[in-house]
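Only one structure is covered here, and it is reproduced in the block below.
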Amino acid sequence: MHELSIASAILDAVRKEAEKRPGVRVRKVGVRIGALSGVEPEALSFGFGALVQGTDLDPLALEIESVPWRQRCPPCDLTFDVKDEGLACPRCARPETLMAGGDELDLAYLEVEE
Amino acid sequence: MDRIPLEKKVLSENDRVAARLRDRFREHGILCLNLISSPGAGKTTLLELTLGRLPKEARVAVLTGDIQTDNDARRLARFGFPARQITTGGACHLDARMVERALADWQLENLDLLIIENVGNLVCPSSYDLGEAAKIVLLSVPEGEDKPLKYPAIFLKSELLVLNKIDLLPYVSFDMARAREHARSIHPGMEILEVSCTTGEGLDQWIQWIKKRGEILRAETAKLPTLGR
Ligand SMILES: Nc1nc2c(ncn2[C@@H]2O[C@H](COP(=O)(O)OP(=O)(O)OP(=O)(O)O)[C@@H](O)[C@H]2O)c(=O)[nH]1
Ligand SMILES: [Mg+2]
Ligand SMILES: [Zn+2]
């Protein structure tokens, strides 16, 4: 639902980085989107494409790396992906595990040409 | 083609403004709470009852986010405390810049408590830091006890869960024990209050929670070397 604001935040960040590097053209931006971030990758791609079209940055590709929700069981020192089985530790079955990732909403890299 | 690693947050600009707000709130000893729920869970009603129970001289203000209207701010302004609407013009969440703009001409030194009612939505507001001391998620009984599992992010990030509309428990199938269990499976140690804005049940505990949270904040602030007062 807020993919358009996220897409525009990505574009703003790309523009800022581009300004620091005069003479280069940004061709691609890579982002990392966690399953808990509330951002739907498909909607983000769509919104991004619509926003970038016709701007100074066009054409600019967006590559999304989706990151699963991960929990950690401290006694077992085990980090696992959360799937339908729930949050309990797959090794010791303890229900109290801690979030270890999945809320990412990160800019990972730019691909540029001189 | 060269690849340049960036490794920063997409919302780092929002986080920067939020950090600036948080510093200002701390400096003035203001407890800022960010109240989040789906549409209609009872945020404005809870705030009306809260304001109605505070003494006239309480130093409290509210901001309320809405996509279109200023109904909520009008409902809240009746209590005589500063209340301002932030109309997002389509956005499904408040961001730190909107809050900063709304506070621009307020004397923060005259406040102890600022409650922000976010736009009714359980997903988007969870990504936007507003500089608050704590997020609070409100879940109402008719929405069902599975919501913590469906919207884990907001339950993870909120310090307190307020289960509202418990007066409706006899009429809907809502398993309170499971709701609490789900919330704590996502967020071990999450604080939970059960409230009815209709009967007033649980409101004393809610007011107590706010008071206690304010004391915790001010104790922390006093310990900060540069901000101690
Ligand atoms: N039965 C019952 N109804 C309630 C309770 N609290 C709120 N309501 C009703 O729920 C409806 C929505 O309440 P609001 O306070 O406007 O909800 P909100 O979360 O502010 O809604 P938005 O700002 O639109 O997201 C109103 O009709 C309230 O009277 C409660 O504890 N019990
Ligand atoms: Mg409201
Ligand atoms: Zn384990």
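Ligands are numbered from 1 in the order shown, residues from 1 within each chain, and chains are lettered A, B, ... in the order they appear in the structure tokens.
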
Just need the residues of chain A within 10 Å of chain B, counting only C-alpha atoms, so spit them out as a PDB file with N, CA and C atoms, in the first residue's frame.
ATOM      1  N   MET A   1       0.821  -1.205   0.000  1.00  0.00           N
ATOM      2  CA  MET A   1       0.000   0.000   0.000  1.00  0.00           C
ATOM      3  C   MET A   1       0.856   1.257   0.000  1.00  0.00           C
ATOM      4  N   HIS A   2       2.018   1.184   0.679  1.00  0.00           N
ATOM      5  CA  HIS A   2       2.868   2.372   0.674  1.00  0.00           C
ATOM      6  C   HIS A   2       4.064   2.161  -0.249  1.00  0.00           C
ATOM      7  N   GLU A   3       3.900   1.239  -1.215  1.00  0.00           N
ATOM      8  CA  GLU A   3       5.003   0.962  -2.137  1.00  0.00           C
ATOM      9  C   GLU A   3       5.408   2.192  -2.941  1.00  0.00           C
ATOM     10  N   LEU A   4       4.414   3.053  -3.235  1.00  0.00           N
ATOM     11  CA  LEU A   4       4.744   4.245  -4.011  1.00  0.00           C
ATOM     12  C   LEU A   4       5.650   5.188  -3.207  1.00  0.00           C
ATOM     13  N   SER A   5       5.372   5.335  -1.905  1.00  0.00           N
ATOM     14  CA  SER A   5       6.266   6.191  -1.103  1.00  0.00           C
ATOM     15  C   SER A   5       7.638   5.544  -0.967  1.00  0.00           C
ATOM     16  N   ILE A   6       7.674   4.219  -0.873  1.00  0.00           N
ATOM     17  CA  ILE A   6       8.970   3.536  -0.781  1.00  0.00           C
ATOM     18  C   ILE A   6       9.733   3.713  -2.096  1.00  0.00           C
ATOM     19  N   ALA A   7       9.017   3.544  -3.224  1.00  0.00           N
ATOM     20  CA  ALA A   7       9.665   3.716  -4.527  1.00  0.00           C
ATOM     21  C   ALA A   7      10.222   5.128  -4.648  1.00  0.00           C
ATOM     22  N   SER A   8       9.487   6.104  -4.176  1.00  0.00           N
ATOM     23  CA  SER A   8       9.970   7.475  -4.334  1.00  0.00           C
ATOM     24  C   SER A   8      11.136   7.741  -3.382  1.00  0.00           C
ATOM     25  N   ALA A   9      11.151   7.093  -2.201  1.00  0.00           N
ATOM     26  CA  ALA A   9      12.312   7.218  -1.314  1.00  0.00           C
ATOM     27  C   ALA A   9      13.553   6.589  -1.962  1.00  0.00           C
ATOM     28  N   ILE A  10      13.363   5.476  -2.689  1.00  0.00           N
ATOM     29  CA  ILE A  10      14.490   4.837  -3.382  1.00  0.00           C
ATOM     30  C   ILE A  10      15.026   5.775  -4.464  1.00  0.00           C
ATOM     31  N   LEU A  11      14.103   6.363  -5.227  1.00  0.00           N
ATOM     32  CA  LEU A  11      14.527   7.287  -6.284  1.00  0.00           C
ATOM     33  C   LEU A  11      15.281   8.495  -5.722  1.00  0.00           C
ATOM     34  N   ASP A  12      14.765   9.042  -4.624  1.00  0.00           N
ATOM     35  CA  ASP A  12      15.443  10.187  -3.988  1.00  0.00           C
ATOM     36  C   ASP A  12      16.862   9.803  -3.581  1.00  0.00           C
ATOM     37  N   ALA A  13      16.988   8.608  -3.002  1.00  0.00           N
ATOM     38  CA  ALA A  13      18.311   8.166  -2.546  1.00  0.00           C
ATOM     39  C   ALA A  13      19.261   7.969  -3.730  1.00  0.00           C
ATOM     40  N   VAL A  14      18.727   7.395  -4.816  1.00  0.00           N
ATOM     41  CA  VAL A  14      19.560   7.189  -6.011  1.00  0.00           C
ATOM     42  C   VAL A  14      20.025   8.538  -6.559  1.00  0.00           C
ATOM     43  N   GLU A  17      22.819   9.934  -4.479  1.00  0.00           N
ATOM     44  CA  GLU A  17      24.090   9.240  -4.727  1.00  0.00           C
ATOM     45  C   GLU A  17      24.660   9.652  -6.090  1.00  0.00           C
ATOM     46  N   VAL A  24      28.755   9.919 -13.997  1.00  0.00           N
ATOM     47  CA  VAL A  24      28.349   8.519 -14.115  1.00  0.00           C
ATOM     48  C   VAL A  24      26.828   8.448 -14.298  1.00  0.00           C
ATOM     49  N   ARG A  25      26.411   7.359 -14.938  1.00  0.00           N
ATOM     50  CA  ARG A  25      24.982   7.106 -15.106  1.00  0.00           C
ATOM     51  C   ARG A  25      24.588   5.893 -14.281  1.00  0.00           C
ATOM     52  N   VAL A  26      23.586   6.045 -13.456  1.00  0.00           N
ATOM     53  CA  VAL A  26      23.122   4.896 -12.680  1.00  0.00           C
ATOM     54  C   VAL A  26      22.187   4.072 -13.560  1.00  0.00           C
ATOM     55  N   ARG A  27      22.506   2.775 -13.687  1.00  0.00           N
ATOM     56  CA  ARG A  27      21.711   1.894 -14.547  1.00  0.00           C
ATOM     57  C   ARG A  27      20.772   1.000 -13.749  1.00  0.00           C
ATOM     58  N   LYS A  28      21.230   0.697 -12.522  1.00  0.00           N
ATOM     59  CA  LYS A  28      20.436  -0.254 -11.742  1.00  0.00           C
ATOM     60  C   LYS A  28      20.598   0.065 -10.262  1.00  0.00           C
ATOM     61  N   VAL A  29      19.527  -0.147  -9.500  1.00  0.00           N
ATOM     62  CA  VAL A  29      19.628  -0.025  -8.050  1.00  0.00           C
ATOM     63  C   VAL A  29      19.138  -1.340  -7.443  1.00  0.00           C
ATOM     64  N   GLY A  30      19.913  -1.840  -6.483  1.00  0.00           N
ATOM     65  CA  GLY A  30      19.555  -3.100  -5.828  1.00  0.00           C
ATOM     66  C   GLY A  30      19.035  -2.826  -4.419  1.00  0.00           C
ATOM     67  N   VAL A  31      17.884  -3.414  -4.102  1.00  0.00           N
ATOM     68  CA  VAL A  31      17.330  -3.228  -2.756  1.00  0.00           C
ATOM     69  C   VAL A  31      17.066  -4.586  -2.114  1.00  0.00           C
ATOM     70  N   ARG A  32      17.024  -4.585  -0.805  1.00  0.00           N
ATOM     71  CA  ARG A  32      16.756  -5.801  -0.048  1.00  0.00           C
ATOM     72  C   ARG A  32      15.472  -5.574   0.741  1.00  0.00           C
ATOM     73  N   ILE A  33      14.484  -6.420   0.509  1.00  0.00           N
ATOM     74  CA  ILE A  33      13.163  -6.230   1.111  1.00  0.00           C
ATOM     75  C   ILE A  33      12.815  -7.440   1.978  1.00  0.00           C
ATOM     76  N   ALA A  35      10.549  -9.864   4.517  1.00  0.00           N
ATOM     77  CA  ALA A  35       9.159 -10.323   4.515  1.00  0.00           C
ATOM     78  C   ALA A  35       8.308  -9.555   5.514  1.00  0.00           C
ATOM     79  N   LEU A  36       8.934  -8.957   6.535  1.00  0.00           N
ATOM     80  CA  LEU A  36       8.182  -8.214   7.546  1.00  0.00           C
ATOM     81  C   LEU A  36       8.104  -6.721   7.256  1.00  0.00           C
ATOM     82  N   SER A  37       8.671  -6.305   6.139  1.00  0.00           N
ATOM     83  CA  SER A  37       8.746  -4.864   5.896  1.00  0.00           C
ATOM     84  C   SER A  37       7.404  -4.291   5.475  1.00  0.00           C
ATOM     85  N   GLY A  38       6.467  -5.150   5.141  1.00  0.00           N
ATOM     86  CA  GLY A  38       5.163  -4.672   4.703  1.00  0.00           C
ATOM     87  C   GLY A  38       5.170  -4.199   3.260  1.00  0.00           C
ATOM     88  N   VAL A  39       6.286  -4.435   2.570  1.00  0.00           N
ATOM     89  CA  VAL A  39       6.383  -3.989   1.180  1.00  0.00           C
ATOM     90  C   VAL A  39       6.275  -5.201   0.260  1.00  0.00           C
ATOM     91  N   GLN A  71      14.079 -16.030  12.725  1.00  0.00           N
ATOM     92  CA  GLN A  71      14.053 -15.985  14.187  1.00  0.00           C
ATOM     93  C   GLN A  71      15.291 -16.713  14.706  1.00  0.00           C
ATOM     94  N   GLY A  86       5.375 -21.772  12.225  1.00  0.00           N
ATOM     95  CA  GLY A  86       5.355 -20.871  13.366  1.00  0.00           C
ATOM     96  C   GLY A  86       6.746 -20.514  13.850  1.00  0.00           C
ATOM     97  N   LEU A  87       6.794 -19.942  15.045  1.00  0.00           N
ATOM     98  CA  LEU A  87       8.026 -19.305  15.512  1.00  0.00           C
ATOM     99  C   LEU A  87       8.850 -20.183  16.452  1.00  0.00           C
ATOM    100  N   ALA A  88       8.334 -21.347  16.813  1.00  0.00           N
ATOM    101  CA  ALA A  88       9.053 -22.181  17.771  1.00  0.00           C
ATOM    102  C   ALA A  88      10.351 -22.691  17.157  1.00  0.00           C
ATOM    103  N   PRO A  95       9.080 -22.041  22.439  1.00  0.00           N
ATOM    104  CA  PRO A  95       8.290 -21.068  21.686  1.00  0.00           C
ATOM    105  C   PRO A  95       8.874 -19.646  21.668  1.00  0.00           C
ATOM    106  N   GLU A  96       9.669 -19.308  22.705  1.00  0.00           N
ATOM    107  CA  GLU A  96      10.169 -17.925  22.784  1.00  0.00           C
ATOM    108  C   GLU A  96      11.457 -17.769  21.987  1.00  0.00           C
ATOM    109  N   THR A  97      11.304 -17.378  20.718  1.00  0.00           N
ATOM    110  CA  THR A  97      12.491 -17.083  19.918  1.00  0.00           C
ATOM    111  C   THR A  97      12.478 -15.596  19.580  1.00  0.00           C
ATOM    112  N   LEU A  98      13.607 -15.087  19.130  1.00  0.00           N
ATOM    113  CA  LEU A  98      13.730 -13.643  18.900  1.00  0.00           C
ATOM    114  C   LEU A  98      13.879 -13.341  17.419  1.00  0.00           C
ATOM    115  N   MET A  99      13.369 -12.190  17.014  1.00  0.00           N
ATOM    116  CA  MET A  99      13.513 -11.830  15.615  1.00  0.00           C
ATOM    117  C   MET A  99      14.975 -11.617  15.264  1.00  0.00           C
ATOM    118  N   GLY A 102      14.362  -9.847   8.650  1.00  0.00           N
ATOM    119  CA  GLY A 102      13.130  -9.910   7.885  1.00  0.00           C
ATOM    120  C   GLY A 102      12.446  -8.559   7.807  1.00  0.00           C
ATOM    121  N   ASP A 103      12.967  -7.573   8.556  1.00  0.00           N
ATOM    122  CA  ASP A 103      12.347  -6.247   8.456  1.00  0.00           C
ATOM    123  C   ASP A 103      13.196  -5.307   7.591  1.00  0.00           C
ATOM    124  N   GLU A 104      14.084  -5.890   6.786  1.00  0.00           N
ATOM    125  CA  GLU A 104      14.966  -5.068   5.949  1.00  0.00           C
ATOM    126  C   GLU A 104      14.181  -4.235   4.939  1.00  0.00           C
ATOM    127  N   LEU A 105      14.661  -3.035   4.752  1.00  0.00           N
ATOM    128  CA  LEU A 105      14.156  -2.146   3.707  1.00  0.00           C
ATOM    129  C   LEU A 105      15.394  -1.342   3.330  1.00  0.00           C
ATOM    130  N   ASP A 106      16.338  -2.044   2.677  1.00  0.00           N
ATOM    131  CA  ASP A 106      17.693  -1.510   2.515  1.00  0.00           C
ATOM    132  C   ASP A 106      18.043  -1.255   1.053  1.00  0.00           C
ATOM    133  N   LEU A 107      18.848  -0.218   0.860  1.00  0.00           N
ATOM    134  CA  LEU A 107      19.486  -0.001  -0.429  1.00  0.00           C
ATOM    135  C   LEU A 107      20.777  -0.796  -0.392  1.00  0.00           C
ATOM    136  N   ALA A 108      20.938  -1.743  -1.307  1.00  0.00           N
ATOM    137  CA  ALA A 108      22.116  -2.604  -1.253  1.00  0.00           C
ATOM    138  C   ALA A 108      23.243  -2.074  -2.136  1.00  0.00           C
ATOM    139  N   TYR A 109      22.938  -1.721  -3.386  1.00  0.00           N
ATOM    140  CA  TYR A 109      24.004  -1.291  -4.303  1.00  0.00           C
ATOM    141  C   TYR A 109      23.448  -0.482  -5.472  1.00  0.00           C
ATOM    142  N   LEU A 110      24.363   0.170  -6.171  1.00  0.00           N
ATOM    143  CA  LEU A 110      24.046   0.815  -7.453  1.00  0.00           C
ATOM    144  C   LEU A 110      24.920   0.196  -8.516  1.00  0.00           C
ATOM    145  N   GLU A 111      24.426   0.090  -9.730  1.00  0.00           N
ATOM    146  CA  GLU A 111      25.285  -0.250 -10.861  1.00  0.00           C
ATOM    147  C   GLU A 111      25.373   0.976 -11.743  1.00  0.00           C
ATOM    148  N   VAL A 112      26.612   1.397 -12.009  1.00  0.00           N
ATOM    149  CA  VAL A 112      26.804   2.659 -12.737  1.00  0.00           C
ATOM    150  C   VAL A 112      27.697   2.469 -13.957  1.00  0.00           C
ATOM    151  N   GLU A 113      27.553   3.360 -14.919  1.00  0.00           N
ATOM    152  CA  GLU A 113      28.411   3.425 -16.095  1.00  0.00           C
ATOM    153  C   GLU A 113      29.073   4.783 -16.129  1.00  0.00           C
ATOM    154  N   GLU A 114      30.340   4.793 -16.577  1.00  0.00           N
ATOM    155  CA  GLU A 114      31.038   6.098 -16.708  1.00  0.00           C
ATOM    156  C   GLU A 114      30.415   6.893 -17.854  1.00  0.00           C
TER     157      GLU A 114
END

- Message: Around ligand 3, out to 10 Å and counting only C-alpha atoms and all ligand atoms, which residues are there? I want them as a PyMOL selection string.
- Response: chain A and resi 72-80+88-97

With N, CA and C atoms retained, write the just-selected residues as a compact mmCIF listing (two decimals), in the first residue's frame.
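That gives us out-v2.txt:
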# COMPACT_ATOMS: atom_id res chain seq x y z
N ARG A 72 15.65 -16.39 15.95
CA ARG A 72 16.82 -17.02 16.55
C ARG A 72 16.43 -17.62 17.89
N CYS A 73 16.95 -18.82 18.15
CA CYS A 73 16.77 -19.43 19.46
C CYS A 73 18.10 -19.30 20.20
N PRO A 74 18.16 -18.41 21.22
CA PRO A 74 19.45 -18.17 21.87
C PRO A 74 20.07 -19.43 22.51
N PRO A 75 19.30 -20.24 23.26
CA PRO A 75 19.95 -21.42 23.88
C PRO A 75 20.58 -22.36 22.84
N CYS A 76 19.92 -22.53 21.70
CA CYS A 76 20.46 -23.42 20.67
C CYS A 76 21.45 -22.68 19.76
N ASP A 77 21.49 -21.36 19.88
CA ASP A 77 22.27 -20.54 18.97
C ASP A 77 21.96 -20.91 17.51
N LEU A 78 20.64 -20.97 17.24
CA LEU A 78 20.19 -21.40 15.92
C LEU A 78 19.30 -20.32 15.31
N THR A 79 19.61 -19.95 14.07
CA THR A 79 18.76 -18.99 13.35
C THR A 79 18.04 -19.75 12.24
N PHE A 80 16.74 -19.52 12.14
CA PHE A 80 15.96 -20.29 11.16
C PHE A 80 14.95 -19.39 10.46
N ALA A 88 8.33 -21.35 16.81
CA ALA A 88 9.05 -22.18 17.77
C ALA A 88 10.35 -22.69 17.16
N CYS A 89 11.34 -22.90 18.01
CA CYS A 89 12.64 -23.38 17.54
C CYS A 89 12.51 -24.78 16.97
N PRO A 90 12.99 -24.99 15.74
CA PRO A 90 12.86 -26.32 15.13
C PRO A 90 13.72 -27.37 15.84
N ARG A 91 14.69 -26.95 16.65
CA ARG A 91 15.53 -27.94 17.33
C ARG A 91 14.98 -28.31 18.70
N CYS A 92 14.69 -27.29 19.54
CA CYS A 92 14.29 -27.59 20.92
C CYS A 92 12.80 -27.32 21.18
N ALA A 93 12.09 -26.81 20.16
CA ALA A 93 10.65 -26.56 20.25
C ALA A 93 10.27 -25.44 21.21
N ARG A 94 11.25 -24.75 21.78
CA ARG A 94 10.96 -23.62 22.66
C ARG A 94 10.19 -22.54 21.87
N PRO A 95 9.08 -22.04 22.44
CA PRO A 95 8.29 -21.07 21.69
C PRO A 95 8.87 -19.65 21.67
N GLU A 96 9.67 -19.31 22.71
CA GLU A 96 10.17 -17.92 22.78
C GLU A 96 11.46 -17.77 21.99
N THR A 97 11.30 -17.38 20.72
CA THR A 97 12.49 -17.08 19.92
C THR A 97 12.48 -15.60 19.58

- Message: Show me which residues are within 7 Å of ligand 1 counting only C-alpha atoms and all ligand atoms, and format the list as a PyMOL selection string.
- Response: chain B and resi 37-46+66+72+119-120+164-168+195-198

For those residues, write N, CA, C and O atoms to a file as a compact mmCIF listing (two decimals), in the first residue's frame.
# COMPACT_ATOMS: atom_id res chain seq x y z
N SER B 37 -3.39 1.25 14.57
CA SER B 37 -4.37 0.16 14.49
C SER B 37 -4.97 0.15 13.10
O SER B 37 -4.72 1.06 12.31
N SER B 38 -5.78 -0.87 12.82
CA SER B 38 -6.53 -0.83 11.57
C SER B 38 -7.66 0.20 11.70
O SER B 38 -7.96 0.63 12.81
N PRO B 39 -8.29 0.58 10.59
CA PRO B 39 -9.34 1.59 10.68
C PRO B 39 -10.46 1.15 11.60
O PRO B 39 -10.90 0.00 11.54
N GLY B 40 -10.86 2.03 12.49
CA GLY B 40 -12.03 1.75 13.31
C GLY B 40 -11.81 0.93 14.56
O GLY B 40 -12.76 0.56 15.25
N ALA B 41 -10.57 0.61 14.90
CA ALA B 41 -10.31 -0.19 16.10
C ALA B 41 -10.57 0.61 17.38
O ALA B 41 -10.74 0.03 18.45
N GLY B 42 -10.62 1.93 17.24
CA GLY B 42 -10.99 2.74 18.41
C GLY B 42 -9.92 3.73 18.88
O GLY B 42 -9.96 4.17 20.03
N LYS B 43 -9.00 4.09 18.02
CA LYS B 43 -7.92 5.02 18.43
C LYS B 43 -8.48 6.35 18.92
O LYS B 43 -8.13 6.81 20.00
N THR B 44 -9.34 6.96 18.09
CA THR B 44 -9.85 8.28 18.47
C THR B 44 -10.71 8.19 19.73
O THR B 44 -10.62 9.04 20.62
N THR B 45 -11.51 7.13 19.82
CA THR B 45 -12.36 6.96 21.00
C THR B 45 -11.51 6.82 22.25
O THR B 45 -11.79 7.44 23.29
N LEU B 46 -10.45 6.03 22.18
CA LEU B 46 -9.57 5.85 23.33
C LEU B 46 -8.93 7.20 23.71
O LEU B 46 -8.82 7.53 24.89
N ASP B 66 -4.92 11.39 9.08
CA ASP B 66 -6.06 10.88 8.33
C ASP B 66 -5.76 11.09 6.86
O ASP B 66 -5.08 12.04 6.48
N ASP B 72 -11.32 13.57 13.10
CA ASP B 72 -10.75 13.10 14.37
C ASP B 72 -10.21 14.26 15.19
O ASP B 72 -10.42 14.32 16.41
N VAL B 119 -2.48 6.94 10.86
CA VAL B 119 -3.53 6.61 9.91
C VAL B 119 -3.94 5.14 10.15
O VAL B 119 -3.10 4.30 10.41
N GLY B 120 -5.24 4.86 10.08
CA GLY B 120 -5.73 3.51 10.33
C GLY B 120 -5.18 2.52 9.32
O GLY B 120 -5.57 2.53 8.15
N ASN B 164 -8.90 -3.74 22.50
CA ASN B 164 -10.06 -2.86 22.74
C ASN B 164 -11.37 -3.57 22.38
O ASN B 164 -11.39 -4.58 21.69
N LYS B 165 -12.46 -3.00 22.84
CA LYS B 165 -13.83 -3.48 22.59
C LYS B 165 -14.07 -4.83 23.27
O LYS B 165 -14.77 -5.68 22.71
N ILE B 166 -13.53 -5.01 24.47
CA ILE B 166 -13.76 -6.29 25.15
C ILE B 166 -15.22 -6.44 25.58
O ILE B 166 -15.66 -7.54 25.91
N ASP B 167 -15.99 -5.34 25.54
CA ASP B 167 -17.44 -5.45 25.82
C ASP B 167 -18.13 -6.31 24.76
O ASP B 167 -19.24 -6.80 24.98
N LEU B 168 -17.48 -6.49 23.61
CA LEU B 168 -18.10 -7.28 22.53
C LEU B 168 -17.76 -8.77 22.61
O LEU B 168 -18.23 -9.56 21.79
N VAL B 195 -9.18 -3.51 27.26
CA VAL B 195 -9.90 -2.25 27.46
C VAL B 195 -11.26 -2.30 26.77
O VAL B 195 -11.43 -2.96 25.75
N SER B 196 -12.22 -1.61 27.34
CA SER B 196 -13.44 -1.31 26.61
C SER B 196 -13.70 0.18 26.71
O SER B 196 -13.88 0.72 27.81
N CYS B 197 -13.73 0.84 25.59
CA CYS B 197 -14.03 2.28 25.59
C CYS B 197 -15.50 2.51 25.86
O CYS B 197 -15.90 3.61 26.22
N THR B 198 -16.33 1.49 25.68
CA THR B 198 -17.75 1.64 25.92
C THR B 198 -18.09 1.55 27.41
O THR B 198 -18.83 2.37 27.93

- Query: Can you list, as a PyMOL selection string, every residue of segment 16-141 of chain B that DSSP puts in helix (DSSP H, G or I)?
  - Reply: chain B and resi 16-27+43-53+71-77+96-103+108-110+124-127+141

- Item | Long-range neighbours of Asp58 of chain A as a list in words, 10 Å cut-off, only C-alpha atoms, 3 positions minimum in chain |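 Once the nearby chain positions are removed, what remains is Val26, Arg27, Gly49, Leu51, Val52, Gln53, Gly54, Thr55 and Ala61 of chain A.
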
Atoms to include: N, CA, C and O atoms. Write the selected residues as a tab-separated table (two decimals), in the first residue's frame.
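Okay, this is what ended up in result_5.tsv:
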chain	number	residue	atom	x	y	z
A	26	VAL	N	23.59	6.04	-13.46
A	26	VAL	CA	23.12	4.90	-12.68
A	26	VAL	C	22.19	4.07	-13.56
A	26	VAL	O	21.24	4.60	-14.14
A	27	ARG	N	22.51	2.78	-13.69
A	27	ARG	CA	21.71	1.89	-14.55
A	27	ARG	C	20.77	1.00	-13.75
A	27	ARG	O	19.74	0.56	-14.23
A	49	GLY	N	8.66	1.53	-11.55
A	49	GLY	CA	8.65	1.71	-13.00
A	49	GLY	C	7.85	2.93	-13.41
A	49	GLY	O	8.27	3.74	-14.24
A	51	LEU	N	7.16	5.56	-11.58
A	51	LEU	CA	7.75	6.82	-11.10
A	51	LEU	C	8.97	7.25	-11.91
A	51	LEU	O	9.20	8.43	-12.11
A	52	VAL	N	9.75	6.25	-12.34
A	52	VAL	CA	11.03	6.58	-12.96
A	52	VAL	C	10.84	7.02	-14.41
A	52	VAL	O	11.63	7.80	-14.95
A	53	GLN	N	9.74	6.56	-15.01
A	53	GLN	CA	9.50	6.82	-16.42
A	53	GLN	C	9.48	8.32	-16.72
A	53	GLN	O	8.80	9.09	-16.05
A	54	GLY	N	10.28	8.71	-17.72
A	54	GLY	CA	10.28	10.11	-18.15
A	54	GLY	C	11.13	11.03	-17.29
A	54	GLY	O	11.21	12.22	-17.57
A	55	THR	N	11.76	10.51	-16.22
A	55	THR	CA	12.62	11.38	-15.41
A	55	THR	C	14.06	11.32	-15.94
A	55	THR	O	14.37	10.53	-16.84
A	61	ALA	N	16.95	0.36	-13.75
A	61	ALA	CA	16.37	-0.92	-13.35
A	61	ALA	C	16.37	-1.05	-11.83
A	61	ALA	O	17.21	-0.47	-11.15

Which polymer residues have any atom within 8 Å of an atom of Ile136 of chain B, counting only C-alpha atoms, with same-chain residues fewer than 3 positions away left out, as an mmCIF file with C-alpha atoms, in the first residue's frame?
data_model
loop_
_atom_site.group_PDB
_atom_site.id
_atom_site.type_symbol
_atom_site.label_atom_id
_atom_site.label_comp_id
_atom_site.auth_asym_id
_atom_site.auth_seq_id
_atom_site.Cartn_x
_atom_site.Cartn_y
_atom_site.Cartn_z
ATOM 1 C CA LEU B 33 3.405 7.766 21.801
ATOM 2 C CA ASN B 34 2.546 6.509 18.317
ATOM 3 C CA LEU B 35 -0.866 4.830 18.319
ATOM 4 C CA ILE B 36 -1.432 2.380 15.473
ATOM 5 C CA SER B 158 5.065 -2.096 19.574
ATOM 6 C CA GLU B 159 5.784 -1.987 23.260
ATOM 7 C CA LEU B 160 2.149 -2.302 24.273
ATOM 8 C CA LEU B 161 -0.867 -4.101 22.847
ATOM 9 C CA VAL B 162 -4.234 -2.611 23.771
#

- Message: If you run DSSP on the backbone here, which positions in segment 42-217 of chain B get strand (DSSP E or B)? Please write them as a ChimeraX atom specification.
- Response: /B:60-66,83-87,113-117,134-140,160-164,191-194

Can you write out the residues you just picked, keeping C-alpha atoms, as a CSV table (one decimal), in the first residue's frame?
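Saved file result.csv follows:
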chain,number,residue,atom,x,y,z
B,60,VAL,CA,-0.8,17.1,26.7
B,61,ALA,CA,-1.3,17.4,23.0
B,62,VAL,CA,-2.5,15.1,20.2
B,63,LEU,CA,-1.8,14.8,16.5
B,64,THR,CA,-4.0,12.7,14.4
B,65,GLY,CA,-3.4,11.4,10.9
B,66,ASP,CA,-6.1,10.9,8.3
B,83,ALA,CA,-5.1,18.9,18.8
B,84,ARG,CA,-4.0,19.1,15.2
B,85,GLN,CA,-4.9,17.0,12.1
B,86,ILE,CA,-2.3,15.9,9.7
B,87,THR,CA,-4.0,15.2,6.4
B,113,LEU,CA,2.8,14.1,26.6
B,114,LEU,CA,2.2,14.0,22.9
B,115,ILE,CA,0.0,11.3,21.5
B,116,ILE,CA,0.0,10.7,17.8
B,117,GLU,CA,-2.9,8.8,16.2
B,134,ALA,CA,7.0,3.8,22.0
B,135,LYS,CA,4.6,2.5,19.4
B,136,ILE,CA,1.3,1.2,20.7
B,137,VAL,CA,-0.8,-1.2,18.7
B,138,LEU,CA,-4.6,-1.3,19.3
B,139,LEU,CA,-6.4,-4.4,18.2
B,140,SER,CA,-10.2,-4.6,18.6
B,160,LEU,CA,2.1,-2.3,24.3
B,161,LEU,CA,-0.9,-4.1,22.8
B,162,VAL,CA,-4.2,-2.6,23.8
B,163,LEU,CA,-7.0,-5.1,23.2
B,164,ASN,CA,-10.1,-2.9,22.7
B,191,GLU,CA,2.8,-5.7,27.5
B,192,ILE,CA,-1.0,-6.2,27.0
B,193,LEU,CA,-4.0,-4.3,28.3
B,194,GLU,CA,-7.6,-5.2,27.9

- Atomic distance atom CA of Asp146 of chain B - atom CA of Pro41 of chain A, expressed in Å with one decimal: 23.9 Å

- Item | Nearest residue to Asn118 of chain B from the set B:Leu130, B:Leu103, B:Leu203, B:Leu217 (distances using only C-alpha atoms) |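 For Asn118 of chain B, the nearest of the given residues is B:Leu130.
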
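Closest approach to Gly214 of chain B among B:Arg53, B:Arg26, B:Arg180, B:Arg74 is made by B:Arg26 (distances from only C-alpha atoms).
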
- Message: I'd like the neighbourhood of Asp112 of chain B as an MDAnalysis selection string, where a residue qualifies if any of its atoms comes within 10 Å (using only C-alpha atoms), though same-chain residues fewer than 6 positions away should be ignored.
- Response: chainID B and resid 25 28:32 58:61 214 218
